[in-house]
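File shown: upload-v6.cif. Contents: mmCIF, C-alpha atoms.
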data_data
loop_
_atom_site.label_atom_id
_atom_site.label_comp_id
_atom_site.auth_asym_id
_atom_site.auth_seq_id
_atom_site.Cartn_x
_atom_site.Cartn_y
_atom_site.Cartn_z
CA MET A 1 -4.77 7.13 -48.91
CA LYS A 2 -4.76 8.60 -45.40
CA LEU A 3 -1.08 9.50 -45.78
CA ILE A 4 -1.83 11.43 -49.02
CA LYS A 5 -4.64 13.34 -47.30
CA LYS A 6 -2.28 14.25 -44.46
CA LEU A 7 0.30 15.48 -46.99
CA PHE A 8 -2.26 17.68 -48.76
CA LYS A 9 -3.41 19.11 -45.44
CA SER A 10 0.19 19.85 -44.51
CA ILE A 11 0.88 21.59 -47.84
CA LYS A 12 -2.31 23.63 -47.46
CA LYS A 13 -1.23 24.70 -43.96
CA LEU A 14 2.18 25.72 -45.37
CA PHE A 15 0.69 28.04 -48.03
CA VAL A 16 -1.81 29.48 -45.56
CA SER A 17 1.11 30.24 -43.26
CA ILE A 18 3.00 31.95 -46.12
CA TRP A 19 -0.03 34.07 -47.06
CA LYS A 20 -0.59 35.13 -43.44
CA THR A 21 3.05 36.23 -43.28
CA ILE A 22 2.69 38.28 -46.52
CA ASP A 23 -0.52 39.84 -45.25
CA LYS A 24 1.04 40.73 -41.91
CA VAL A 25 4.41 41.94 -43.21
CA ILE A 26 3.43 43.64 -46.54
CA VAL A 27 -0.26 44.23 -47.17
CA VAL A 28 -1.25 45.59 -43.77
CA PRO A 29 1.77 47.96 -43.40
CA ILE A 30 1.34 49.33 -46.96
CA THR A 31 -2.37 49.89 -46.39
CA LYS A 32 -1.67 51.74 -43.16
CA PHE A 33 1.03 53.80 -44.95
CA PHE A 34 -1.33 54.99 -47.67
CA LEU A 35 -4.09 55.72 -45.14
CA SER A 36 -1.71 57.94 -43.20
CA ILE A 37 -0.75 59.75 -46.41
CA THR A 38 -4.41 60.19 -47.22
CA LYS A 39 -5.08 61.74 -43.81
CA ALA A 40 -2.02 63.98 -44.12
CA PHE A 41 -3.10 65.30 -47.45
CA SER A 42 -6.81 65.33 -46.75
CA LYS A 43 -7.00 68.93 -47.83
CA ASN A 44 -5.53 67.96 -51.20
CA GLY A 45 -7.44 64.72 -51.45
CA LYS A 46 -8.45 65.33 -55.00
CA TYR A 47 -4.84 65.58 -56.14
CA LEU A 48 -3.90 62.42 -54.26
CA GLU A 49 -6.86 60.55 -55.68
CA LYS A 50 -5.93 61.69 -59.17
CA TRP A 51 -2.32 60.54 -58.63
CA MET A 52 -3.40 57.16 -57.31
CA THR A 53 -5.62 56.54 -60.35
CA LYS A 54 -2.79 57.03 -62.80
CA THR A 55 -1.66 53.88 -64.63
CA ASN A 56 2.04 54.45 -63.89
CA THR A 57 1.35 54.76 -60.16
CA LEU A 58 -0.56 51.46 -60.04
CA ILE A 59 2.15 49.69 -62.02
CA PHE A 60 4.80 51.00 -59.62
CA ILE A 61 2.89 49.82 -56.55
CA SER A 62 2.24 46.39 -58.10
CA LEU A 63 5.92 46.04 -58.94
CA LEU A 64 6.90 46.83 -55.34
CA MET A 65 4.43 44.26 -53.96
CA ALA A 66 5.60 41.62 -56.46
CA LEU A 67 9.23 42.17 -55.51
CA ALA A 68 8.41 41.99 -51.79
CA THR A 69 6.40 38.80 -52.32
CA PHE A 70 9.26 37.26 -54.30
CA PHE A 71 11.83 37.97 -51.58
CA ILE A 72 9.60 36.57 -48.82
CA VAL A 73 8.72 33.39 -50.72
CA ASP A 74 12.34 32.94 -51.80
CA ASN A 75 13.51 33.36 -48.20
CA LYS A 76 10.87 30.89 -47.00
CA SER A 77 11.88 28.40 -49.67
CA VAL A 78 15.52 28.64 -48.64
CA MET A 79 14.60 28.08 -45.00
CA LEU A 80 12.46 25.06 -45.87
CA SER A 81 15.13 23.59 -48.11
CA GLU A 82 17.85 23.79 -45.43
CA THR A 83 18.95 20.48 -43.84
CA SER A 84 18.04 20.15 -40.17
CA ALA A 85 17.68 17.49 -37.47
CA GLU A 86 14.99 16.70 -34.93
CA VAL A 87 14.98 14.16 -32.07
CA ILE A 88 11.91 12.14 -31.15
CA TYR A 89 12.39 10.78 -27.64
CA ASP A 90 11.19 7.62 -25.88
CA GLN A 91 9.71 5.68 -28.77
CA PRO A 92 8.57 2.13 -27.81
CA VAL A 93 10.33 -0.91 -29.28
CA ASN A 94 8.30 -3.73 -30.80
CA ALA A 95 10.24 -6.98 -30.38
CA ILE A 96 9.23 -9.75 -32.77
CA TYR A 97 9.90 -13.33 -31.61
CA ASN A 98 8.11 -16.49 -30.49
CA LYS A 99 6.96 -15.50 -27.02
CA GLU A 100 5.61 -18.98 -26.31
CA ALA A 101 8.96 -20.68 -26.87
CA TYR A 102 11.57 -18.13 -25.81
CA VAL A 103 12.45 -15.56 -23.16
CA VAL A 104 14.63 -12.62 -24.23
CA GLU A 105 16.77 -10.42 -22.00
CA GLY A 106 18.29 -7.12 -23.14
CA ILE A 107 15.38 -5.68 -25.15
CA PRO A 108 15.27 -1.90 -24.60
CA ASP A 109 11.90 -0.50 -23.59
CA LYS A 110 12.34 2.76 -25.55
CA VAL A 111 14.75 4.41 -28.01
CA ASP A 112 15.37 7.92 -29.32
CA ILE A 113 15.03 8.65 -33.06
CA THR A 114 17.02 11.44 -34.73
CA LEU A 115 15.41 12.53 -38.03
CA ILE A 116 17.66 14.36 -40.54
CA GLY A 117 16.38 16.17 -43.65
CA ARG A 118 14.89 19.34 -45.06
CA LYS A 119 12.73 21.35 -42.71
CA SER A 120 9.74 20.94 -44.97
CA ASP A 121 10.13 17.15 -44.85
CA LEU A 122 10.64 17.19 -41.11
CA TYR A 123 7.49 19.26 -40.77
CA LEU A 124 5.54 16.62 -42.70
CA ALA A 125 7.18 13.81 -40.70
CA ARG A 126 6.04 15.39 -37.44
CA GLN A 127 2.43 15.16 -38.59
CA ILE A 128 2.69 11.39 -38.82
CA SER A 129 1.89 9.94 -35.39
CA THR A 130 3.41 6.48 -35.87
CA HIS A 131 7.15 5.93 -35.47
CA ASP A 132 7.48 2.16 -35.66
CA VAL A 133 10.76 0.80 -34.19
CA THR A 134 11.16 -2.99 -34.44
CA LEU A 135 13.63 -5.60 -33.19
CA ASP A 136 13.28 -8.71 -35.37
CA LEU A 137 14.46 -11.86 -33.59
CA THR A 138 12.38 -14.40 -35.51
CA ASP A 139 15.30 -16.33 -37.07
CA LEU A 140 17.52 -16.41 -33.96
CA LYS A 141 18.12 -19.42 -31.73
CA PRO A 142 18.94 -19.51 -27.99
CA GLY A 143 22.20 -17.70 -27.21
CA THR A 144 23.71 -14.21 -27.19
CA HIS A 145 23.18 -12.04 -30.28
CA LYS A 146 23.85 -8.49 -31.47
CA VAL A 147 20.83 -7.24 -33.41
CA ASN A 148 20.10 -4.01 -35.32
CA LEU A 149 17.00 -2.04 -34.49
CA LYS A 150 14.94 -0.95 -37.49
CA TYR A 151 12.81 2.12 -38.07
CA ARG A 152 10.01 2.12 -40.64
CA GLN A 153 10.35 5.42 -42.45
CA SER A 154 7.24 7.30 -43.45
CA LEU A 155 9.16 9.57 -45.85
CA GLY A 156 12.00 8.32 -48.01
CA SER A 157 13.57 11.79 -48.17
CA ILE A 158 14.50 11.69 -44.47
CA ASP A 159 17.50 9.97 -42.92
CA TYR A 160 17.31 8.63 -39.40
CA LYS A 161 19.51 7.46 -36.56
CA LEU A 162 18.43 5.30 -33.62
CA ASP A 163 19.89 5.55 -30.14
CA PRO A 164 20.66 2.76 -29.41
CA SER A 165 20.85 1.34 -32.93
CA VAL A 166 22.33 -2.05 -31.96
CA VAL A 167 21.46 -4.09 -28.86
CA THR A 168 22.85 -7.28 -27.34
CA VAL A 169 20.13 -9.76 -26.42
CA VAL A 170 20.22 -13.15 -24.72
CA ILE A 171 17.64 -15.70 -25.82
CA TYR A 172 16.66 -18.52 -23.46
CA PRO A 173 14.27 -21.43 -23.96
CA LYS A 174 11.10 -20.75 -21.99
CA LYS A 175 10.54 -23.19 -19.11
CA SER A 176 7.50 -23.61 -16.91
CA ASN A 177 6.83 -24.67 -13.33
CA THR A 178 3.97 -24.59 -10.85
CA LYS A 179 3.68 -22.74 -7.56
CA THR A 180 1.06 -22.81 -4.82
CA ILE A 181 -0.73 -19.49 -4.38
CA THR A 182 -0.51 -17.69 -1.03
CA MET A 183 -3.21 -15.13 -0.21
CA ASP A 184 -2.09 -11.74 1.15
CA LEU A 185 -4.52 -9.18 2.57
CA LEU A 186 -3.76 -5.52 1.86
CA ASN A 187 -5.37 -2.62 3.78
CA ASP A 188 -7.23 -5.01 6.09
CA ASP A 189 -7.24 -2.22 8.68
CA LYS A 190 -9.63 -0.34 6.35
CA LEU A 191 -12.34 -2.97 6.86
CA ASP A 192 -15.20 -2.08 9.22
CA GLU A 193 -13.91 -2.79 12.74
CA LYS A 194 -16.87 -5.01 13.52
CA LEU A 195 -16.18 -7.25 10.50
CA PHE A 196 -13.58 -10.00 10.34
CA ILE A 197 -12.22 -11.85 7.28
CA GLN A 198 -12.44 -15.42 8.49
CA GLU A 199 -11.36 -17.19 5.30
CA VAL A 200 -10.24 -16.48 1.73
CA THR A 201 -10.67 -19.26 -0.83
CA PRO A 202 -8.89 -18.68 -4.19
CA SER A 203 -10.50 -19.92 -7.41
CA VAL A 204 -7.30 -21.90 -8.17
CA ASP A 205 -4.65 -23.23 -5.80
CA GLU A 206 -1.70 -23.29 -8.20
CA VAL A 207 -0.31 -21.05 -10.92
CA TYR A 208 2.09 -21.69 -13.80
CA ILE A 209 5.27 -19.62 -13.79
CA LYS A 210 7.09 -19.31 -17.11
CA GLY A 211 10.48 -17.87 -17.95
CA ALA A 212 14.17 -18.62 -18.19
CA GLU A 213 15.27 -21.51 -16.00
CA HIS A 214 17.74 -19.41 -13.98
CA VAL A 215 14.97 -16.89 -13.23
CA LEU A 216 12.37 -19.52 -12.27
CA SER A 217 14.81 -20.93 -9.72
CA LYS A 218 14.68 -17.61 -7.82
CA VAL A 219 10.90 -17.69 -7.30
CA ALA A 220 10.15 -18.56 -3.67
CA THR A 221 6.46 -17.75 -3.54
CA VAL A 222 3.56 -16.46 -5.63
CA ARG A 223 1.16 -14.24 -3.73
CA ALA A 224 -2.35 -13.11 -4.57
CA LEU A 225 -2.63 -9.50 -3.37
CA LEU A 226 -6.20 -9.04 -2.19
CA ASP A 227 -6.86 -5.37 -1.47
CA VAL A 228 -9.68 -5.06 1.06
CA ASN A 229 -10.65 -1.76 -0.62
CA ASN A 230 -11.63 -3.79 -3.72
CA ILE A 231 -14.14 -6.01 -1.89
CA PRO A 232 -17.56 -4.98 -3.23
CA ASN A 233 -20.04 -4.02 -0.50
CA PRO A 234 -18.27 -5.80 2.38
CA GLY A 235 -20.63 -7.35 4.90
CA VAL A 236 -21.31 -10.62 6.71
CA GLY A 237 -21.38 -13.52 4.25
CA ASP A 238 -19.46 -14.93 1.26
CA ILE A 239 -18.34 -12.32 -1.27
CA GLU A 240 -16.64 -13.00 -4.62
CA VAL A 241 -13.72 -10.74 -5.53
CA LYS A 242 -12.52 -10.75 -9.14
CA ASP A 243 -9.22 -9.96 -10.88
CA ILE A 244 -6.87 -10.30 -7.91
CA PRO A 245 -3.32 -9.73 -9.23
CA LEU A 246 -0.59 -12.33 -8.71
CA VAL A 247 3.03 -11.38 -7.99
CA ALA A 248 6.11 -13.63 -7.78
CA TYR A 249 8.72 -12.99 -5.05
CA ASP A 250 12.14 -14.35 -4.16
CA ASP A 251 13.13 -15.44 -0.66
CA ARG A 252 14.06 -11.83 0.23
CA GLY A 253 10.74 -10.33 -0.79
CA ASN A 254 11.95 -8.90 -4.12
CA ILE A 255 9.60 -9.06 -7.10
CA ILE A 256 10.68 -11.53 -9.81
CA ASP A 257 9.73 -10.75 -13.41
CA VAL A 258 8.21 -13.98 -14.72
CA GLU A 259 5.12 -14.80 -16.74
CA LEU A 260 2.22 -15.97 -14.55
CA VAL A 261 -0.60 -18.06 -16.00
CA PRO A 262 -3.13 -16.95 -15.00
CA SER A 263 -1.91 -13.47 -14.06
CA LYS A 264 -5.10 -12.76 -12.07
CA ILE A 265 -7.49 -14.95 -10.10
CA ASN A 266 -10.85 -14.73 -8.35
CA ALA A 267 -11.47 -15.55 -4.69
CA THR A 268 -14.35 -16.04 -2.28
CA VAL A 269 -14.01 -14.00 0.90
CA LYS A 270 -15.92 -15.20 3.97
CA ILE A 271 -16.66 -12.26 6.27
CA THR A 272 -18.01 -12.74 9.78
CA SER A 273 -18.68 -10.51 12.76
CA PRO A 274 -17.78 -12.58 15.84
CA SER A 275 -18.66 -10.89 19.12
CA LYS A 276 -18.92 -11.61 22.83
CA GLU A 277 -20.41 -9.82 25.83
CA LEU A 278 -17.89 -9.58 28.66
CA PRO A 279 -17.98 -8.11 32.18
CA ILE A 280 -15.76 -5.20 33.20
CA LYS A 281 -13.10 -5.98 35.82
CA ILE A 282 -11.74 -2.93 37.65
CA ILE A 283 -8.12 -3.45 38.72
CA PRO A 284 -6.65 -0.90 41.19
CA LYS A 285 -2.92 -0.24 40.80
CA GLY A 286 -0.87 0.91 43.79
CA SER A 287 -1.79 1.21 47.49
CA VAL A 288 -4.11 3.72 49.11
CA VAL A 289 -2.84 5.68 52.15
CA PHE A 290 -2.01 3.75 55.31
CA GLY A 291 -5.03 2.85 57.41
CA GLN A 292 -7.50 3.07 54.53
CA ALA A 293 -8.90 0.44 52.15
CA ILE A 294 -11.16 0.41 49.11
CA SER A 295 -14.76 -0.13 50.10
CA THR A 296 -16.49 0.03 46.71
CA MET A 297 -15.54 0.35 43.03
CA THR A 298 -18.60 1.04 40.92
CA SER A 299 -18.80 1.93 37.22
CA ASP A 300 -21.47 3.22 34.87
CA VAL A 301 -20.80 0.22 32.56
CA SER A 302 -20.83 -3.35 33.82
CA LYS A 303 -20.65 -5.26 30.50
CA ILE A 304 -19.49 -4.46 26.96
CA THR A 305 -19.70 -6.23 23.62
CA VAL A 306 -16.36 -6.82 21.91
CA TYR A 307 -15.65 -7.80 18.27
CA GLY A 308 -12.60 -9.66 17.03
CA ASP A 309 -10.98 -12.96 16.16
CA GLU A 310 -13.14 -15.85 17.36
CA GLU A 311 -10.22 -17.68 18.95
CA VAL A 312 -9.27 -14.55 20.90
CA LEU A 313 -12.85 -14.12 22.09
CA ASN A 314 -12.96 -17.70 23.37
CA ASN A 315 -9.97 -17.00 25.62
CA LEU A 316 -11.35 -13.77 27.10
CA ASN A 317 -13.38 -13.90 30.32
CA TYR A 318 -13.45 -10.19 31.17
CA ILE A 319 -12.17 -6.77 30.04
CA PRO A 320 -9.67 -5.29 32.51
CA VAL A 321 -9.71 -1.56 33.33
CA GLU A 322 -6.83 -0.31 35.46
CA ILE A 323 -7.05 2.73 37.75
CA ASP A 324 -4.25 4.40 39.72
CA VAL A 325 -5.09 4.41 43.46
CA ASN A 326 -1.58 4.95 44.78
CA ASP A 327 -1.65 7.21 47.86
CA LEU A 328 -5.39 7.78 47.43
CA LYS A 329 -6.73 9.60 50.53
CA THR A 330 -10.41 10.27 49.77
CA ASP A 331 -13.21 9.06 47.54
CA LYS A 332 -12.56 9.71 43.87
CA GLU A 333 -14.22 9.47 40.45
CA TYR A 334 -12.25 8.29 37.40
CA SER A 335 -12.89 8.59 33.67
CA GLU A 336 -10.85 5.92 31.88
CA THR A 337 -10.37 4.84 28.27
CA ILE A 338 -10.81 1.09 27.88
CA LYS A 339 -7.79 -0.47 26.19
CA LYS A 340 -8.54 -3.03 23.51
CA PRO A 341 -7.07 -6.44 24.30
CA THR A 342 -4.85 -7.91 21.58
CA GLY A 343 -6.98 -9.35 18.78
CA ILE A 344 -10.03 -7.20 19.57
CA ARG A 345 -11.03 -4.89 16.69
CA ALA A 346 -13.98 -2.99 18.16
CA MET A 347 -15.91 -2.50 21.40
CA SER A 348 -19.41 -1.23 22.06
CA VAL A 349 -18.05 1.12 24.75
CA ASN A 350 -14.67 2.87 24.73
CA THR A 351 -14.77 4.96 27.93
CA ILE A 352 -15.96 4.21 31.44
CA ASN A 353 -16.63 6.25 34.59
CA ILE A 354 -15.60 4.66 37.90
CA LYS A 355 -16.30 5.80 41.49
CA VAL A 356 -14.02 4.61 44.32
CA THR A 357 -14.92 4.97 48.00
CA LEU A 358 -12.63 4.41 50.99
CA GLU A 359 -13.18 3.17 54.57
CA PRO A 360 -10.86 2.30 57.48
CA GLU A 361 -8.74 -0.79 56.90
CA ALA A 362 -9.23 -4.03 58.87
CA THR A 363 -7.13 -7.20 59.03
CA ARG A 364 -8.14 -10.86 59.20
CA GLU A 365 -6.37 -14.20 59.03
CA ILE A 366 -7.78 -17.00 56.84
CA ALA A 367 -6.51 -20.45 57.86
CA ASP A 368 -6.00 -23.63 55.90
CA VAL A 369 -5.52 -22.32 52.35
CA ARG A 370 -4.35 -25.31 50.29
CA ILE A 371 -1.22 -24.89 48.15
CA LYS A 372 -1.32 -25.84 44.46
CA SER A 373 1.77 -26.70 42.42
CA GLU A 374 2.26 -25.36 38.89
CA ASN A 375 4.56 -26.16 35.96
CA LEU A 376 5.87 -29.50 37.25
CA ALA A 377 7.90 -31.33 34.56
CA ASN A 378 6.48 -34.51 33.00
CA GLY A 379 7.42 -37.78 34.70
CA LEU A 380 7.76 -36.20 38.14
CA VAL A 381 5.57 -36.05 41.24
CA VAL A 382 5.69 -33.52 44.11
CA ASN A 383 4.97 -34.00 47.81
CA ALA A 384 5.03 -31.61 50.76
CA ALA A 385 7.94 -32.07 53.15
CA SER A 386 5.59 -31.70 56.16
CA GLN A 387 1.95 -31.08 57.06
CA ASP A 388 2.70 -27.37 57.45
CA ASP A 389 3.79 -27.29 53.81
CA ILE A 390 0.41 -28.46 52.51
CA MET A 391 -1.81 -25.63 53.78
CA ILE A 392 -0.91 -22.16 54.96
CA PRO A 393 -2.69 -19.18 56.64
CA VAL A 394 -3.23 -16.02 54.61
CA ILE A 395 -3.55 -12.44 55.92
CA VAL A 396 -6.21 -10.36 54.19
CA LYS A 397 -6.51 -6.58 54.54
CA GLY A 398 -9.45 -4.48 53.49
CA VAL A 399 -12.73 -2.96 54.58
CA GLU A 400 -14.24 -5.05 57.36
CA SER A 401 -17.51 -5.71 55.56
CA VAL A 402 -15.55 -7.03 52.58
CA ILE A 403 -13.01 -9.28 54.30
CA ASN A 404 -15.64 -10.84 56.57
CA SER A 405 -17.19 -12.51 53.52
CA ILE A 406 -13.90 -14.09 52.42
CA ASP A 407 -13.12 -17.78 53.07
CA ALA A 408 -10.34 -20.16 52.02
CA SER A 409 -12.20 -21.28 48.89
CA SER A 410 -11.90 -17.77 47.36
CA ILE A 411 -8.10 -17.65 47.84
CA THR A 412 -5.49 -19.37 45.66
CA ALA A 413 -2.03 -20.20 47.02
CA SER A 414 0.46 -21.56 44.47
CA ILE A 415 4.09 -22.55 44.01
CA ASP A 416 5.97 -22.43 40.66
CA LEU A 417 8.05 -25.57 40.00
CA SER A 418 9.45 -24.52 36.61
CA GLY A 419 12.94 -25.93 36.05
CA LEU A 420 13.00 -27.98 39.26
CA GLY A 421 14.07 -31.64 39.21
CA GLU A 422 14.33 -34.48 41.70
CA GLY A 423 15.16 -33.61 45.29
CA GLU A 424 14.07 -31.36 48.14
CA HIS A 425 13.40 -27.70 47.34
CA GLU A 426 12.28 -24.60 49.22
CA VAL A 427 9.95 -22.54 47.04
CA GLU A 428 8.14 -19.19 47.38
CA VAL A 429 4.38 -19.10 47.88
CA LYS A 430 2.21 -16.69 45.91
CA VAL A 431 -1.35 -15.80 46.91
CA THR A 432 -4.18 -14.30 44.87
CA GLY A 433 -7.86 -13.69 45.46
CA ASN A 434 -10.92 -12.86 43.40
CA ASP A 435 -11.67 -9.51 45.06
CA GLU A 436 -9.50 -6.63 43.78
CA ARG A 437 -10.37 -4.49 46.82
CA VAL A 438 -8.50 -6.84 49.18
CA ASN A 439 -4.77 -7.21 49.78
CA TYR A 440 -3.67 -10.89 50.15
CA THR A 441 -0.40 -11.82 51.93
CA PRO A 442 0.80 -15.40 52.73
CA LYS A 443 1.72 -15.75 56.41
CA THR A 444 4.10 -18.51 55.40
CA LYS A 445 6.39 -17.10 52.73
CA LYS A 446 8.12 -20.33 51.67
CA VAL A 447 7.42 -24.07 51.90
CA LYS A 448 9.53 -27.22 51.42
CA ILE A 449 8.61 -29.80 48.83
CA ILE A 450 10.12 -33.08 47.62
CA ILE A 451 10.13 -33.97 43.91
CA LYS A 452 10.43 -37.63 42.82
CA LYS A 453 10.15 -39.63 39.64
CA LEU A 454 6.89 -41.39 38.96
#
Take the structure in this file and express it as structure tokens.
Amino acid sequence: MKLIKKLFKSIKKLFVSIWKTIDKVIVVPITKFFLSITKAFSKNGKYLEKWMTKTNTLIFISLLMALATFFIVDNKSVMLSETSAEVIYDQPVNAIYNKEAYVVEGIPDKVDITLIGRKSDLYLARQISTHDVTLDLTDLKPGTHKVNLKYRQSLGSIDYKLDPSVVTVVIYPKKSNTKTITMDLLNDDKLDEKLFIQEVTPSVDEVYIKGAEHVLSKVATVRALLDVNNIPNPGVGDIEVKDIPLVAYDDRGNIIDVELVPSKINATVKITSPSKELPIKIIPKGSVVFGQAISTMTSDVSKITVYGDEEVLNNLNYIPVEIDVNDLKTDKEYSETIKKPTGIRAMSVNTINIKVTLEPEATREIADVRIKSENLANGLVVNAASQDDIMIPVIVKGVESVINSIDASSITASIDLSGLGEGEHEVEVKVTGNDERVNYTPKTKKVKIIIKKL
């Protein structure tokens, strides 16, 4: 019934189009012609009016209009009756087969349809929105087959040609397998810097993958792609995220086209905001001019709150800020940007102002600093070769008021035993202290030690 209504509407549009053409090409020009004659002979209007009212004149005009109408309609009819062709591009293909039992390769996504017929029929065919192209595989078994595509014609008076018209398909039995789901976070850098996704718990742990056996064997992993932008109202707490898409990948990261059941999952996202307050440690880099030493290093910020991974926070004891004091001659003020340690997402303060003052340098010797051994291999024990190799003196340089408060307990002397085995070895001594304003130098550069088995 709808098709008949469309046909009537199309026929009506055709006749309206013909009448508009007649009106534009014949009626309007003739009317303008006679109006111009009327104006030209306005002085003899009575004679013209008398001539126009004669029966013979009216018959002559009617005959001319009838002949003109005949030629136009006849020309239109010829044009509409001529055979023509029209191509309809990219029409979808509807493949018919048992999707639960089989997987089919070689089905084209789209085809082109060439319609051949009279222009009037093609005009009507264009008004019909459905162009149903089907590939019927219902009676075919697993294997390779050549199959004809079919087009359901809306008008029997039109011929058609499909491109392609025949396709080669391979039918496989559908197999299934299970894969553990791996969660992947996308755009996690878009999350508020003070927030941290601590845990993501998917609603299911495994997914069914279905497809041809040779395709399933390529699947290395199935990942749930959780886009942080899709987390509703992110904040501290447990938040449920729905409809997370699943994607199958091979071992090279290429997407594998298989059926996933389910194709989407839900997940619970646990968001925390771990933080820790840490002191600022100012670390001077380089050496000030000869004869001078750093007296004070003061900053307008002593502590800052940092946000990040909880494990990273547990291993941080301070936030270092380095300043360049090489060849510094006089007091100086610095404005430094605090660098985020690895694993830290946000800090309460990002810049710091530091004032450094200088005073004349003094020197002092600290005796009896005990040496500690580091990185000794398992199953070995180390002993000093002599009493002088157990404790050493250390030279400290700095402002007098600073170095006078230093004792052996605030200095660490160490030797690195990495890679050393049994026997006697001479190793280098390294010295550090807890005051960055002071320069520490071991008076004894190397010591002898003896390594034995336990």
- Task: Kindly resolve the PyMOL selection byres ((chain A and resi 202) around 12) on the present coordinates and return the residues as number ranges by chain.
- Result: A: 180-184, 199-201, 203-207, 223-226, 239-246, 264-270
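The coordinates place atom CA of A:Val236 at 17.5 Å from atom CA of A:Thr305.
Each of A:Gln198, A:Gln292, A:Asn148, A:Asn254 was checked against A:Val222 using all atoms listed in the file; the smallest atom-to-atom distance is that of A:Asn254.
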On this structure, which residues satisfy the PyMOL selection byres ((chain A and resi 92) around 10), written as a PDB file with C-alpha atoms, keeping the file's coordinate frame?
ATOM      1  CA  TYR A  89      12.390  10.780 -27.640  1.00  0.00           C
ATOM      2  CA  ASP A  90      11.190   7.620 -25.880  1.00  0.00           C
ATOM      3  CA  GLN A  91       9.710   5.680 -28.770  1.00  0.00           C
ATOM      4  CA  VAL A  93      10.330  -0.910 -29.280  1.00  0.00           C
ATOM      5  CA  ASN A  94       8.300  -3.730 -30.800  1.00  0.00           C
ATOM      6  CA  ALA A  95      10.240  -6.980 -30.380  1.00  0.00           C
ATOM      7  CA  PRO A 108      15.270  -1.900 -24.600  1.00  0.00           C
ATOM      8  CA  ASP A 109      11.900  -0.500 -23.590  1.00  0.00           C
ATOM      9  CA  LYS A 110      12.340   2.760 -25.550  1.00  0.00           C
ATOM     10  CA  VAL A 111      14.750   4.410 -28.010  1.00  0.00           C
ATOM     11  CA  ASP A 112      15.370   7.920 -29.320  1.00  0.00           C
ATOM     12  CA  HIS A 131       7.150   5.930 -35.470  1.00  0.00           C
ATOM     13  CA  ASP A 132       7.480   2.160 -35.660  1.00  0.00           C
ATOM     14  CA  VAL A 133      10.760   0.800 -34.190  1.00  0.00           C
ATOM     15  CA  THR A 134      11.160  -2.990 -34.440  1.00  0.00           C
TER      16      THR A 134
END
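You will find atom CA of A:Ile209 at 26.7 Å from atom CA of A:Asn187.
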- Task: Can you pull out every residue within 6 Å of A:Val356, counting only C-alpha atoms, but drop anything in the same chain fewer than 3 positions away, and send it as JSON, numbers by chain?
- Result: {"A": [296, 297, 331, 332]}
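Closest approach to A:Gly419 from the set A:Asn378, A:Thr351, A:Thr363, A:Asn439 is made by A:Asn378, with distances taken over all atoms listed in the file.
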Neighbours of stretch 395-404 of chain A within 6 Å (only C-alpha atoms; same-chain residues fewer than 6 positions away dropped), as a PDB file with C-alpha atoms, keeping the file's coordinate frame?
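Saved as part-v3.pdb:
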ATOM      1  CA  ALA A 293      -8.900   0.440  52.150  1.00  0.00           C
ATOM      2  CA  SER A 295     -14.760  -0.130  50.100  1.00  0.00           C
ATOM      3  CA  GLU A 361      -8.740  -0.790  56.900  1.00  0.00           C
ATOM      4  CA  ALA A 362      -9.230  -4.030  58.870  1.00  0.00           C
ATOM      5  CA  THR A 363      -7.130  -7.200  59.030  1.00  0.00           C
ATOM      6  CA  ARG A 364      -8.140 -10.860  59.200  1.00  0.00           C
ATOM      7  CA  GLU A 365      -6.370 -14.200  59.030  1.00  0.00           C
ATOM      8  CA  VAL A 438      -8.500  -6.840  49.180  1.00  0.00           C
ATOM      9  CA  ASN A 439      -4.770  -7.210  49.780  1.00  0.00           C
ATOM     10  CA  TYR A 440      -3.670 -10.890  50.150  1.00  0.00           C
ATOM     11  CA  THR A 441      -0.400 -11.820  51.930  1.00  0.00           C
TER      12      THR A 441
END
- Task: Would you mind reading off the distance between atom CA of A:Asp250 and atom CA of A:Lys174, one decimal, in Å?
- Result: 19.0 Å
- List every protein, DNA or RNA residue with an atom no more than 8 Å from (-4.4, -21.7, 46.7) in the file's coordinates, counting all atoms listed in the file, and format the result as a ChimeraX atom specification. /A:369-372,411-414,431-432
- Identify, on the basis of all atoms listed in the file, every residue whose closest approach to A:Ala212 does not exceed 8 Å; exclude the query and any residue fewer than 2 positions from it along the same chain; express the result as a count of residues only. 9
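Closest to A:Ile256 among A:Val219, A:Leu162, A:Leu358, A:Ala101 is A:Val219, based on all atoms listed in the file.
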- Task: Could you tell me which residues the PyMOL selection byres ((chain A and resi 325) around 9) grabs in this file, written as a VMD selection string?
- Result: chain A and resid 284 to 288 323 to 324 326 to 329 356
- Task: Tell me, as a list of chain:residue names, which residues lie within 8 Å of A:Ser373, counting only C-alpha atoms; anything in the same chain fewer than 6 positions away does not count.
- Result: A:Ser414, A:Ile415, A:Asp416, A:Leu417
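Considering all atoms listed in the file, the residue among A:Val147, A:Leu454, A:Val87, A:Leu140 positioned nearest to A:Ala377 is A:Leu454.
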- Task: For A:Asp388, please output as an MDAnalysis selection string all residues within 10 Å (counting only C-alpha atoms; exclusion window: fewer than 3 positions along the same chain).
- Result: chainID A and resid 368 384:385 391:393 444 447:448
Could you take the residues named above and write them with C-alpha atoms, as a compact mmCIF listing (two decimals), in the coordinates of the input?
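See again_38.txt below for the written result:
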# COMPACT_ATOMS: atom_id res chain seq x y z
CA ASP A 368 -6.00 -23.63 55.90
CA ALA A 384 5.03 -31.61 50.76
CA ALA A 385 7.94 -32.07 53.15
CA MET A 391 -1.81 -25.63 53.78
CA ILE A 392 -0.91 -22.16 54.96
CA PRO A 393 -2.69 -19.18 56.64
CA THR A 444 4.10 -18.51 55.40
CA VAL A 447 7.42 -24.07 51.90
CA LYS A 448 9.53 -27.22 51.42
